Amino acid sequence: MSDPARKIAAVLNSLAEDARLVHVEQIPARAARTAELDRPLPEELLQHVPHTQFWSHQAQAINLARSGESLVVATGTASGKSLCYQVPIAESVLSGGTALMIYPTKALARDQLLSLTSWEVPGLTAAAYDGDCSPEERSWVRTHANVLLTNPEMVHQTILANHRRWAKFLQELKFVVVDELHTLRGVFGTHVAHILRRLRRLVRFYGGEEPTVIFSSATIGEPAKLASGICGHEVAVVQRDASPSGMRSIALWNPAEASDGERWSINAEAALLASRLISAGLRTLVFCGSRRGTEVVASALRDSLDESLAEQVRSYRAGYLAHERRQIEAELLSGELLGVVATNALELGVNIGGLDAVVMCGYPGTIASFRQQLGRSGREQLGSVAVLVAAENSLDQWMMRHPEELFNRVSEPAVINLDNPYVFVPHLGCAAFELPLTRKDSEYWPTQLDEGIRQLVLEDRAIITSQGDEQTVMWSGRGTPAPTIGLRSASRGEFRIMTRDGQMIGTVDESRAYEVLHEGAVYLHQGAAWTVIELDLASLSALVVPADGDLYTQARSSISIRLLGVDDQRPVGASTLHIGSVEVTSQVTGFQTKRVSTHEVVSRDSLELPPVHLETRAVWYTFADDVVQSARIDPTELPGALHASEHAAIGILPLFTICDRWDVGGVSTEWLPETDAPTVVIHDAYPGGAGIAELAFGVADSHLAATLEVLQRCPCLDGCPSCVQSPKCGNGNEPLDKAAARRLLQATLL
């Protein structure tokens with residue numbers, strides 16, 4: 001295998017004089033560190049394990065798991081995390097144990113199945129259990145498998161809800177693996193946390209011992225805290241990566257440096273760089289932020305290459321049929337393909353072999369995702385290169401101005417919110433359906449049990465009965481509760497998106513339906529554009545017809561906010577920051593239709609839709625009159641100053657939390673009755689909150705300072721997408737006063 005170092009150096013040298021190349025970082029090669037296990041593996045297992053020499057982090061993790069201690073392995077991409085749980089699981093099976101391995105996607109579970117079955121350990125019967133299994137296959141798995149590879153939805157709806165069919169498996173359950181921990185943030189992670197509590201409860205019911213939980217994660221901040229919150233007890237952490245790696249070059253490419261203030265196409269820039277790399281003979285993976293972007297970049301990339309090379313470029317994204325994705329993965333693994341353009345579906349740990357180069361079409365939003373995508377390049381200990389292409393938004397531009405942050409900054413923490421009633425109450429209903437709840441269940445839900453039971457009883461979904469001196473709570477609602485709960489949302493309602501022939505092409509959470517499914521909206525699904533011709537509020541459905549894809553829509557809405565209570569407050573500079581619960585009322589009043597290519601407004605239309613109420617968590621800043629006066633802001637400037645500050649703060653927030661700007665919302669007003677002051681509110685976009693407000697409260701000093709820097713460093717005069725303009729603004733980015741916002745935050749922090 002030839003070292004691609006010379007080819008990488010040649011490509012970087014050819015770009016050296018281009019103003020868009022703003023930084024190149026060299027990360028030196030790293031040698032492997034190995035260690036011995038505390039005790040040897042059984043002879044009957046040794047001959048089947050593919051590696052008997054372990055890197056030191058693998059040995060540490062295996063030792064912990066074999067001793068029964070739950071843990072999280074948070075090391076880099078291609079650091080052999082799978083072996084950390086495969087070895088103890090295989091050993092456990094030899095003595096009659098079972099294992100449940102939970103993955104966020106079916107593709108990851110199927111990939112791990114191939115790896116584990118290739119060991120051919122006697123007595124180890126591993127099987128995937130997902131929505132692709134036929135009824136006959138599911139029956140066979142229940143009867144024969146002792147290692148089950150599945151996803152959270154199947155555990156929730158099928159295994160726990162029908163636990164008596166799984167009694168023997170649960171009784172012997174020794175290990176639970178939760179892969180890709182870093183994806184379990186916010187509402188999704190909160191759902192999984194309650195699922196694991198229901199699972200542990202049923203294991204105890206069938207006489208089993210507390211299973212050892214092994215988490216696998218990309219490098220994130222505070223991995224043990226997140227893992228402990230999800231499984232419900234303390235875990236050890238393994239995060240010192242001892243795997244070998246070759247020298248890695250990372251180039252930062254900022255089109256703004258050559259744009260003369262004009263907008264640019266990040267897709268075209270990414271395709272240009274990928275074509276340079278592929279033409280140099282470097283196997284390249286391009287990450288795009290959307291399905292549509294994936295297809296656009298793939299098409300542009302093929303057009304820019306010689307015909308022989310273009311035939312070796314494919315796109316990869318959700319929406320493809322399973323066999324299509326498996327074929328692309330196999331072609332990548334075998335080396336048949338020179339280039340693949342993908343969404344972050346390939347950011348996760350599907351085995352695609354080693355690549356020479358990665359191009360990131362925009363900063364992926366967090367340091368954790370950046371390092372995960374970066375780690376997809378590098379074969380064994382050979383050289384590799386990654387190129388980050390900056391988008392217009394404030395976070396990307398901030399990173400271009402602070403390259404040291406990309407390489408030295410600690411990864412952001414991910415958070416969950418176990419006390420979100422929109423999540424824990426439905427799961428307590430599921431638990432009551434599975435087994436009657438008793439006071440002993442406070443072990444699993446110490447702060448949620450009483451309130452959850454109260455709400456279930458008030459809603460006639462549970463009844464309280466007495467058996468001797470003990471009270472039990474039994475499910476009394478209609479049907480099985482699990483299928484009514486979607487794990488990716490805190491809302492109980494979803495709008496179905498239907499075609500004229502009755503085909504359902506997707507769903508949208510109720511809280512966002514009016515914004516994206518109003519009549520006349522252009523809705524993107526699996527790379528295809530659809531126009532909504534009817535929104536039926538009674539049946540919770542939208543009727544769509546194909547669109548040509550040349551247009552997109554942006555809803556306009558009016559938003560008001562009511563503060564429900566303050567949990568805490570503290571000074572941040574000369575402002576006061578609060579945290580608490582809020583009610584956000586939004587009403588879609590119209591929309592703009594724009595051209596995809598030029599962002600030109602084609603039409604403006606009015607709408608009459610009912611208001612939507614969202615009760616969630618938020619932080620809010622208040623600014624005293626003397627601060628506003630010292631900032632030399634007159635009353636006519638104040639709304640634009642607050643609005644621009646709100647947008648800039650939301651845009652840079654992902655620098656401090658694992659979220660994106662679509663996970664949060666904002667409201668700014670020159671006067672709020674509850675505060676009697678100019679106020680900027682930043683709130684979680686999910687019912688009940690996802691934990692983002694709590695993180696924002698803790699990092700507010702650094703967050704507000706970074707917001708001010710965005711306003712100071714952006715070279716535009718009146719505001720642009722790199723500082724204060726937001727693609728999700730319901731007011732069409734009006735009013736915005738960048739200069740007044742800068743003065744306001746300067747007066748606050750200086």
# chains A, B, ... in the order shown; residues from 1 in each chain; ligands from 1
>>> residues_around(residues="Thr553 (chain A)", least_positions_apart="2", cutoff="10 Å", atoms="only C-alpha atoms", output="PyMOL selection string")
chain A and resi 515-516+520-523+531+551+555-556+591-596+601-604
>>> residues_around(residues="Ala74 (chain A)", least_positions_apart="6", cutoff="8 Å", atoms="only C-alpha atoms", output="list of chain:residue names")
A:Ser216, A:Ser217, A:Ala218, A:Thr219, A:Ile220, A:Pro223, A:Val237, A:Val238, A:Gln239
>>> atom_distance(atom1="CA of Thr143 (chain A)", atom2="CA of Val192 (chain A)")
25.5 Å
>>> residues_around(residues="region 295-297 of chain A", least_positions_apart="2", cutoff="8 Å", atoms="only C-alpha atoms", output="VMD selection string")
chain A and resid 267 to 268 270 to 271 291 to 293 299 to 301 315 341 527
>>> closest_residue(among="A:Glu583, A:Asp718, A:Asp469, A:Glu36", to="Gly688 (chain A)", atoms="only C-alpha atoms")
A:Glu583
